[in-house]
>>> print(open('data_21.pdb').read())   # PDB, C-alpha atoms
ATOM      1  CA  MET A   1       0.837  34.667  -8.913
ATOM      2  CA  PHE A   2       3.078  33.766  -5.957
ATOM      3  CA  LYS A   3       3.138  37.329  -4.634
ATOM      4  CA  GLU A   4      -0.659  37.401  -4.669
ATOM      5  CA  LEU A   5      -0.834  34.092  -2.796
ATOM      6  CA  LEU A   6       1.727  35.209  -0.233
ATOM      7  CA  SER A   7      -0.197  38.415   0.398
ATOM      8  CA  THR A   8      -3.214  36.347   1.517
ATOM      9  CA  MET A   9      -1.274  33.846   3.640
ATOM     10  CA  ARG A  10      -2.365  33.271   7.218
ATOM     11  CA  VAL A  11      -0.602  30.931   9.627
ATOM     12  CA  ILE A  12      -2.679  29.282  12.307
ATOM     13  CA  ALA A  13      -1.876  26.815  15.081
ATOM     14  CA  LEU A  14      -4.310  23.960  15.653
ATOM     15  CA  PRO A  15      -4.158  21.736  18.729
ATOM     16  CA  THR A  16      -4.158  18.036  17.857
ATOM     17  CA  LYS A  17      -6.489  15.499  19.479
ATOM     18  CA  THR A  18      -3.579  13.191  20.236
ATOM     19  CA  ASN A  19       0.166  13.517  20.503
ATOM     20  CA  PHE A  20       1.581  12.250  17.186
ATOM     21  CA  ARG A  21       5.351  12.333  16.639
ATOM     22  CA  GLY A  22       5.512  14.589  19.690
ATOM     23  CA  VAL A  23       3.306  17.174  17.951
ATOM     24  CA  THR A  24       0.495  18.604  20.064
ATOM     25  CA  VAL A  25      -0.031  21.758  17.977
ATOM     26  CA  ARG A  26       0.045  21.718  14.179
ATOM     27  CA  GLU A  27       0.986  24.912  12.372
ATOM     28  CA  VAL A  28      -0.842  25.407   9.089
ATOM     29  CA  ALA A  29      -0.275  27.983   6.350
ATOM     30  CA  LEU A  30      -3.446  28.979   4.493
ATOM     31  CA  PHE A  31      -3.538  31.136   1.403
ATOM     32  CA  LYS A  32      -6.342  32.196  -0.901
ATOM     33  CA  GLY A  33      -6.208  32.038  -4.657
ATOM     34  CA  GLU A  34      -8.692  32.600  -7.447
ATOM     35  CA  TYR A  35     -10.371  29.229  -6.806
ATOM     36  CA  GLY A  36     -10.337  29.092  -3.017
ATOM     37  CA  TRP A  37      -8.023  28.292  -0.168
ATOM     38  CA  GLY A  38      -4.882  26.169  -0.215
ATOM     39  CA  GLU A  39      -3.450  24.535   2.909
ATOM     40  CA  PHE A  40       0.229  23.778   3.510
ATOM     41  CA  SER A  41       1.221  21.882   6.655
ATOM     42  CA  PRO A  42       4.076  19.413   6.206
ATOM     43  CA  PHE A  43       5.701  17.993   9.315
ATOM     44  CA  LEU A  44       8.714  19.974  10.508
ATOM     45  CA  GLU A  45      11.137  17.098   9.898
ATOM     46  CA  TYR A  46      10.287  16.985   6.168
ATOM     47  CA  ASP A  47      13.036  18.320   3.948
ATOM     48  CA  ASP A  48      12.472  20.823   1.132
ATOM     49  CA  GLN A  49      12.078  18.132  -1.533
ATOM     50  CA  GLU A  50       9.428  16.214   0.410
ATOM     51  CA  SER A  51       7.627  19.416   1.454
ATOM     52  CA  SER A  52       7.572  20.696  -2.127
ATOM     53  CA  HIS A  53       4.875  18.140  -3.039
ATOM     54  CA  TRP A  54       2.655  19.402  -0.226
ATOM     55  CA  LEU A  55       3.213  22.998  -1.349
ATOM     56  CA  ALA A  56       2.452  22.177  -5.001
ATOM     57  CA  SER A  57      -0.818  20.572  -3.931
ATOM     58  CA  ALA A  58      -1.758  23.615  -1.862
ATOM     59  CA  ILE A  59      -0.994  25.975  -4.748
ATOM     60  CA  GLU A  60      -3.036  23.809  -7.105
ATOM     61  CA  ALA A  61      -6.001  23.855  -4.690
ATOM     62  CA  ALA A  62      -5.969  27.652  -4.594
ATOM     63  CA  THR A  63      -5.292  28.353  -8.263
ATOM     64  CA  THR A  64      -7.099  25.781 -10.389
ATOM     65  CA  PRO A  65     -10.813  25.174 -10.919
ATOM     66  CA  ARG A  66     -12.412  22.410  -8.927
ATOM     67  CA  PRO A  67     -13.294  19.214 -10.773
ATOM     68  CA  THR A  68     -16.948  18.407 -11.332
ATOM     69  CA  MET A  69     -18.520  17.313  -8.070
ATOM     70  CA  LEU A  70     -19.556  13.667  -8.219
ATOM     71  CA  ARG A  71     -20.904  13.275  -4.666
ATOM     72  CA  ILE A  72     -21.869  15.419  -1.700
ATOM     73  CA  ALA A  73     -20.351  13.234   1.027
ATOM     74  CA  ILE A  74     -17.245  11.084   1.313
ATOM     75  CA  PRO A  75     -16.794   8.575   4.124
ATOM     76  CA  VAL A  76     -13.646   9.136   6.156
ATOM     77  CA  ASN A  77     -11.744   6.941   8.567
ATOM     78  CA  GLY A  78     -10.896   7.580  12.184
ATOM     79  CA  THR A  79      -7.206   7.424  13.067
ATOM     80  CA  ILE A  80      -6.109   5.622  16.215
ATOM     81  CA  PRO A  81      -2.546   6.356  17.378
ATOM     82  CA  ALA A  82      -0.056   3.805  18.698
ATOM     83  CA  SER A  83      -1.414   3.991  22.235
ATOM     84  CA  ASN A  84      -3.014   1.404  24.466
ATOM     85  CA  ASP A  85      -4.381   3.954  26.900
ATOM     86  CA  LYS A  86      -7.995   2.785  27.260
ATOM     87  CA  ASP A  87      -9.284   6.323  27.889
ATOM     88  CA  VAL A  88      -7.506   7.721  24.808
ATOM     89  CA  ILE A  89      -8.862   4.994  22.528
ATOM     90  CA  ASP A  90     -12.392   5.195  23.966
ATOM     91  CA  ARG A  91     -12.421   9.005  23.648
ATOM     92  CA  LEU A  92     -11.208   8.878  20.054
ATOM     93  CA  ILE A  93     -13.691   6.175  19.051
ATOM     94  CA  ALA A  94     -16.501   8.245  20.595
ATOM     95  CA  SER A  95     -15.332  11.363  18.719
ATOM     96  CA  TYR A  96     -15.637   9.617  15.337
ATOM     97  CA  ASN A  97     -19.409   9.385  15.275
ATOM     98  CA  GLY A  98     -20.622   7.299  12.333
ATOM     99  CA  VAL A  99     -17.167   6.241  11.172
ATOM    100  CA  LYS A 100     -17.139   2.715   9.785
ATOM    101  CA  THR A 101     -13.370   2.350   9.252
ATOM    102  CA  TYR A 102     -10.457   3.002  11.594
ATOM    103  CA  LYS A 103      -6.840   3.384  10.526
ATOM    104  CA  VAL A 104      -4.821   2.009  13.428
ATOM    105  CA  LYS A 105      -1.134   2.796  13.902
ATOM    106  CA  VAL A 106       0.869  -0.399  14.491
ATOM    107  CA  GLY A 107       4.343  -1.785  13.931
ATOM    108  CA  ASP A 108       6.462  -1.033  16.991
ATOM    109  CA  ASN A 109       5.317  -3.852  19.287
ATOM    110  CA  LEU A 110       3.194  -6.760  18.040
ATOM    111  CA  SER A 111       1.680  -7.690  21.418
ATOM    112  CA  GLU A 112       0.679  -4.061  22.086
ATOM    113  CA  ASP A 113      -0.681  -3.786  18.539
ATOM    114  CA  ILE A 114      -2.893  -6.840  19.113
ATOM    115  CA  VAL A 115      -4.198  -5.373  22.389
ATOM    116  CA  ARG A 116      -5.018  -2.089  20.601
ATOM    117  CA  LEU A 117      -6.867  -3.852  17.780
ATOM    118  CA  ALA A 118      -8.756  -6.050  20.253
ATOM    119  CA  ARG A 119      -9.788  -2.939  22.226
ATOM    120  CA  ILE A 120     -11.366  -1.424  19.126
ATOM    121  CA  ARG A 121     -13.154  -4.684  18.308
ATOM    122  CA  SER A 122     -14.393  -5.000  21.928
ATOM    123  CA  LEU A 123     -16.391  -1.783  21.708
ATOM    124  CA  GLY A 124     -19.124  -3.702  19.899
ATOM    125  CA  ARG A 125     -19.409  -1.648  16.720
ATOM    126  CA  LYS A 126     -19.082  -3.432  13.397
ATOM    127  CA  VAL A 127     -16.191  -1.536  11.825
ATOM    128  CA  ASN A 128     -13.441  -2.101   9.302
ATOM    129  CA  ILE A 129      -9.878  -1.847  10.522
ATOM    130  CA  ARG A 130      -6.911  -0.811   8.399
ATOM    131  CA  ILE A 131      -3.437  -0.981   9.858
ATOM    132  CA  ASP A 132      -0.780   1.651   9.237
ATOM    133  CA  VAL A 133       2.782   0.469   9.907
ATOM    134  CA  ASN A 134       4.423   3.754   8.827
ATOM    135  CA  GLY A 135       6.978   1.824   6.760
ATOM    136  CA  LEU A 136       8.177  -0.245   9.721
ATOM    137  CA  TRP A 137       7.461  -3.623   8.099
ATOM    138  CA  ASN A 138       8.966  -5.157   5.010
ATOM    139  CA  VAL A 139       7.295  -7.602   2.624
ATOM    140  CA  GLU A 140       8.639 -10.654   4.481
TER     141      GLU A 140
END
>>> encode(input="data_21.pdb", output="structure tokens")
Amino acid sequence: MFKELLSTMRVIALPTKTNFRGVTVREVALFKGEYGWGEFSPFLEYDDQESSHWLASAIEAATTPRPTMLRIAIPVNGTIPASNDKDVIDRLIASYNGVKTYKVKVGDNLSEDIVRLARIRSLGRKVNIRIDVNGLWNVE
């Protein structure tokens, strides 16, 4: 099975909308199995053990039947990076047409985080905000 998957593999480079972890281009491995395409794109700093979960998921996507479809659309969130550049935030918000929830990166600087959250609220749309601290906070 693995030889067949490897023979279909294509690697592509996708530019990112924003610089995240210094990444401006994301390399993605795609391979086709009996049930469709699998996608493998862990971050470069992930070790083999952490990346193995991503690879297992990609193999499963390509080699196992899809579950019964229960809906035809799934709402997604827009992701806002840890930036307070007004133009970046405004451009991203505008690019997420119809999104009702934003996942906002926070945790490095509380005062900057508050400014970022206030900027999103100031745009006048009624949206939900989730914060993503990337493990920087503890329970206390």
>>> resolve_selection(input="data_21.pdb", expression="the PyMOL selection byres ((chain A and resi 86) around 12)", output="list of chain:residue names")
A:Ile80, A:Pro81, A:Ala82, A:Ser83, A:Asn84, A:Asp85, A:Asp87, A:Val88, A:Ile89, A:Asp90, A:Arg91, A:Leu92, A:Ile93, A:Val115, A:Arg116, A:Leu117, A:Ala118, A:Arg119, A:Ile120, A:Ser122, A:Leu123
>>> closest_residue(input="data_21.pdb", among="A:Ala94, A:Leu30, A:Ile114, A:Ala13", to="A:Ala62", atoms="only C-alpha atoms")
A:Leu30
>>> residues_around(input="data_21.pdb", residues="stretch 32-35 of chain A", least_positions_apart="6", cutoff="9 Å", atoms="only C-alpha atoms", output="JSON list (two decimals) with C-alpha atoms, keeping the file's coordinate frame")
[["chain", "number", "residue", "atom", "x", "y", "z"],
["A", 1, "MET", "CA", 0.84, 34.67, -8.91],
["A", 4, "GLU", "CA", -0.66, 37.40, -4.67],
["A", 5, "LEU", "CA", -0.83, 34.09, -2.80],
["A", 6, "LEU", "CA", 1.73, 35.21, -0.23],
["A", 7, "SER", "CA", -0.20, 38.42, 0.40],
["A", 8, "THR", "CA", -3.21, 36.35, 1.52],
["A", 9, "MET", "CA", -1.27, 33.85, 3.64],
["A", 59, "ILE", "CA", -0.99, 25.98, -4.75],
["A", 61, "ALA", "CA", -6.00, 23.86, -4.69],
["A", 62, "ALA", "CA", -5.97, 27.65, -4.59],
["A", 63, "THR", "CA", -5.29, 28.35, -8.26],
["A", 64, "THR", "CA", -7.10, 25.78, -10.39],
["A", 65, "PRO", "CA", -10.81, 25.17, -10.92],
["A", 66, "ARG", "CA", -12.41, 22.41, -8.93]]
>>> resolve_selection(input="data_21.pdb", expression="the PyMOL selection byres ((chain A and resi 104) around 9)", output="ChimeraX atom specification")
/A:78-82,102-103,105-106,113,116-117,129-133
>>> write_last_selection(input="data_21.pdb", atoms="C-alpha atoms", output="PDB file, in the frame of the given file")
ATOM      1  CA  GLY A  78     -10.896   7.580  12.184  1.00  0.00           C
ATOM      2  CA  THR A  79      -7.206   7.424  13.067  1.00  0.00           C
ATOM      3  CA  ILE A  80      -6.109   5.622  16.215  1.00  0.00           C
ATOM      4  CA  PRO A  81      -2.546   6.356  17.378  1.00  0.00           C
ATOM      5  CA  ALA A  82      -0.056   3.805  18.698  1.00  0.00           C
ATOM      6  CA  TYR A 102     -10.457   3.002  11.594  1.00  0.00           C
ATOM      7  CA  LYS A 103      -6.840   3.384  10.526  1.00  0.00           C
ATOM      8  CA  LYS A 105      -1.134   2.796  13.902  1.00  0.00           C
ATOM      9  CA  VAL A 106       0.869  -0.399  14.491  1.00  0.00           C
ATOM     10  CA  ASP A 113      -0.681  -3.786  18.539  1.00  0.00           C
ATOM     11  CA  ARG A 116      -5.018  -2.089  20.601  1.00  0.00           C
ATOM     12  CA  LEU A 117      -6.867  -3.852  17.780  1.00  0.00           C
ATOM     13  CA  ILE A 129      -9.878  -1.847  10.522  1.00  0.00           C
ATOM     14  CA  ARG A 130      -6.911  -0.811   8.399  1.00  0.00           C
ATOM     15  CA  ILE A 131      -3.437  -0.981   9.858  1.00  0.00           C
ATOM     16  CA  ASP A 132      -0.780   1.651   9.237  1.00  0.00           C
ATOM     17  CA  VAL A 133       2.782   0.469   9.907  1.00  0.00           C
TER      18      VAL A 133
END
>>> atom_distance(input="data_21.pdb", atom1="atom CA of A:Lys3", atom2="atom CA of A:Glu39")
16.2 Å
>>> atom_distance(input="data_21.pdb", atom1="atom CA of A:Thr18", atom2="atom CA of A:Leu55")
24.7 Å
>>> resolve_selection(input="data_21.pdb", expression="the PyMOL selection byres ((chain A and resi 43) around 10)", output="list in words")
Arg21, Val23, Arg26, Glu27, Val28, Phe40, Ser41, Pro42, Leu44, Glu45, Tyr46, Asp47, Glu50 and Ser51 of chain A
>>> residues_around(input="data_21.pdb", residues="stretch 71-75 of chain A", least_positions_apart="5", cutoff="10 Å", atoms="only C-alpha atoms", output="list in words")
Gly98, Val99, Lys100 and Thr101 of chain A
>>> closest_residue(input="data_21.pdb", among="A:Thr16, A:Ala29, A:Gly107, A:Thr68", to="A:Asn138", atoms="all atoms listed in the file")
A:Gly107
>>> atom_distance(input="data_21.pdb", atom1="atom CA of A:Gln49", atom2="atom CA of A:Gly36")
25.0 Å
>>> decode(input="data_21.pdb", residues="stretch 10-60 of chain A", atoms="N, CA and C atoms", output="CSV table (one decimal), in the first residue's frame")
chain,number,residue,atom,x,y,z
A,10,ARG,N,2.6,14.1,-4.6
A,10,ARG,CA,3.0,15.4,-5.2
A,10,ARG,C,3.3,16.3,-4.0
A,11,VAL,N,4.4,17.1,-4.1
A,11,VAL,CA,4.7,18.1,-3.1
A,11,VAL,C,4.4,19.5,-3.8
A,12,ILE,N,3.6,20.3,-3.1
A,12,ILE,CA,3.3,21.6,-3.5
A,12,ILE,C,3.7,22.6,-2.5
A,13,ALA,N,3.9,23.9,-2.9
A,13,ALA,CA,4.3,25.0,-1.9
A,13,ALA,C,3.2,26.0,-2.1
A,14,LEU,N,2.5,26.3,-0.9
A,14,LEU,CA,1.4,27.2,-0.9
A,14,LEU,C,1.8,28.5,-0.1
A,15,PRO,N,1.7,29.7,-0.7
A,15,PRO,CA,2.0,30.9,0.1
A,15,PRO,C,0.9,31.0,1.2
A,16,THR,N,1.3,31.5,2.4
A,16,THR,CA,0.4,31.7,3.5
A,16,THR,C,-0.1,33.2,3.4
A,17,LYS,N,-1.3,33.4,4.0
A,17,LYS,CA,-1.8,34.8,4.0
A,17,LYS,C,-1.1,35.6,5.0
A,18,THR,N,-0.6,35.0,6.0
A,18,THR,CA,0.2,35.8,7.0
A,18,THR,C,1.4,35.0,7.4
A,19,ASN,N,2.4,35.7,8.0
A,19,ASN,CA,3.6,35.1,8.4
A,19,ASN,C,3.3,34.4,9.8
A,20,PHE,N,3.3,33.1,9.9
A,20,PHE,CA,3.1,32.4,11.1
A,20,PHE,C,4.3,31.6,11.5
A,21,ARG,N,4.9,31.8,12.6
A,21,ARG,CA,6.1,31.1,13.0
A,21,ARG,C,7.2,31.3,12.0
A,22,GLY,N,7.2,32.4,11.3
A,22,GLY,CA,8.2,32.7,10.3
A,22,GLY,C,8.0,32.0,9.0
A,23,VAL,N,6.8,31.3,8.8
A,23,VAL,CA,6.5,30.5,7.6
A,23,VAL,C,5.7,31.4,6.7
A,24,THR,N,6.2,31.6,5.5
A,24,THR,CA,5.4,32.4,4.5
A,24,THR,C,5.0,31.5,3.3
A,25,VAL,N,5.6,30.3,3.2
A,25,VAL,CA,5.2,29.3,2.2
A,25,VAL,C,5.1,28.0,3.0
A,26,ARG,N,4.0,27.3,2.8
A,26,ARG,CA,3.8,26.0,3.5
A,26,ARG,C,4.0,24.9,2.4
A,27,GLU,N,4.9,24.0,2.7
A,27,GLU,CA,5.0,22.8,1.8
A,27,GLU,C,4.1,21.7,2.2
A,28,VAL,N,3.4,21.1,1.3
A,28,VAL,CA,2.4,20.1,1.5
A,28,VAL,C,2.6,18.9,0.6
A,29,ALA,N,2.6,17.7,1.2
A,29,ALA,CA,2.7,16.5,0.5
A,29,ALA,C,1.2,15.9,0.3
A,30,LEU,N,0.9,15.7,-1.0
A,30,LEU,CA,-0.4,15.1,-1.3
A,30,LEU,C,-0.2,13.7,-1.9
A,31,PHE,N,-1.0,12.8,-1.5
A,31,PHE,CA,-1.0,11.5,-2.2
A,31,PHE,C,-2.4,10.9,-2.3
A,32,LYS,N,-2.6,10.2,-3.4
A,32,LYS,CA,-3.9,9.6,-3.7
A,32,LYS,C,-4.0,8.2,-3.4
A,33,GLY,N,-5.0,7.8,-2.7
A,33,GLY,CA,-5.3,6.4,-2.4
A,33,GLY,C,-6.6,6.0,-3.0
A,34,GLU,N,-7.1,4.8,-2.6
A,34,GLU,CA,-8.3,4.3,-3.2
A,34,GLU,C,-9.5,5.2,-2.9
A,35,TYR,N,-9.5,5.9,-1.8
A,35,TYR,CA,-10.6,6.7,-1.3
A,35,TYR,C,-10.4,8.2,-1.4
A,36,GLY,N,-9.4,8.6,-2.1
A,36,GLY,CA,-9.2,10.0,-2.3
A,36,GLY,C,-7.8,10.5,-1.9
A,37,TRP,N,-7.7,11.8,-1.7
A,37,TRP,CA,-6.4,12.4,-1.5
A,37,TRP,C,-6.1,12.5,0.0
A,38,GLY,N,-4.9,12.3,0.4
A,38,GLY,CA,-4.4,12.6,1.8
A,38,GLY,C,-3.5,13.7,1.7
A,39,GLU,N,-3.4,14.5,2.8
A,39,GLU,CA,-2.6,15.7,2.9
A,39,GLU,C,-1.7,15.6,4.1
A,40,PHE,N,-0.4,15.8,3.9
A,40,PHE,CA,0.6,15.7,5.0
A,40,PHE,C,1.4,17.0,5.0
A,41,SER,N,1.2,17.8,6.1
A,41,SER,CA,2.0,19.1,6.1
A,41,SER,C,2.3,19.5,7.6
A,42,PRO,N,3.0,18.7,8.3
A,42,PRO,CA,3.4,19.2,9.7
A,42,PRO,C,4.4,20.3,9.6
A,43,PHE,N,4.5,21.1,10.6
A,43,PHE,CA,5.5,22.1,10.7
A,43,PHE,C,6.9,21.5,10.7
A,44,LEU,N,7.9,22.2,10.2
A,44,LEU,CA,9.2,21.6,10.1
A,44,LEU,C,9.9,21.3,11.4
A,45,GLU,N,9.5,22.1,12.5
A,45,GLU,CA,10.1,21.8,13.8
A,45,GLU,C,9.5,20.6,14.5
A,46,TYR,N,8.5,20.0,13.9
A,46,TYR,CA,7.9,18.8,14.6
A,46,TYR,C,8.8,17.6,14.4
A,47,ASP,N,9.0,16.9,15.5
A,47,ASP,CA,9.8,15.7,15.4
A,47,ASP,C,9.1,14.5,14.8
A,48,ASP,N,9.8,13.4,14.6
A,48,ASP,CA,9.1,12.3,13.9
A,48,ASP,C,7.9,11.8,14.7
A,49,GLN,N,8.0,11.7,16.0
A,49,GLN,CA,6.8,11.2,16.8
A,49,GLN,C,5.6,12.1,16.6
A,50,GLU,N,5.8,13.4,16.7
A,50,GLU,CA,4.7,14.3,16.6
A,50,GLU,C,4.1,14.3,15.1
A,51,SER,N,5.0,14.3,14.1
A,51,SER,CA,4.6,14.2,12.7
A,51,SER,C,3.9,12.9,12.4
A,52,SER,N,4.2,11.9,13.1
A,52,SER,CA,3.6,10.6,12.7
A,52,SER,C,2.1,10.6,12.8
A,53,HIS,N,1.5,11.4,13.7
A,53,HIS,CA,0.1,11.5,13.9
A,53,HIS,C,-0.5,12.2,12.6
A,54,TRP,N,0.2,13.2,12.1
A,54,TRP,CA,-0.3,13.9,10.9
A,54,TRP,C,-0.2,12.9,9.7
A,55,LEU,N,0.8,12.1,9.7
A,55,LEU,CA,1.0,11.2,8.5
A,55,LEU,C,-0.1,10.1,8.6
A,56,ALA,N,-0.3,9.6,9.8
A,56,ALA,CA,-1.4,8.5,10.0
A,56,ALA,C,-2.7,9.0,9.5
A,57,SER,N,-3.0,10.3,9.9
A,57,SER,CA,-4.3,10.9,9.5
A,57,SER,C,-4.4,11.0,7.9
A,58,ALA,N,-3.3,11.4,7.3
A,58,ALA,CA,-3.3,11.6,5.9
A,58,ALA,C,-3.4,10.2,5.2
A,59,ILE,N,-2.8,9.2,5.7
A,59,ILE,CA,-2.9,7.8,5.1
A,59,ILE,C,-4.4,7.3,5.3
A,60,GLU,N,-4.9,7.6,6.5
A,60,GLU,CA,-6.3,7.2,6.7
A,60,GLU,C,-7.3,7.9,5.7
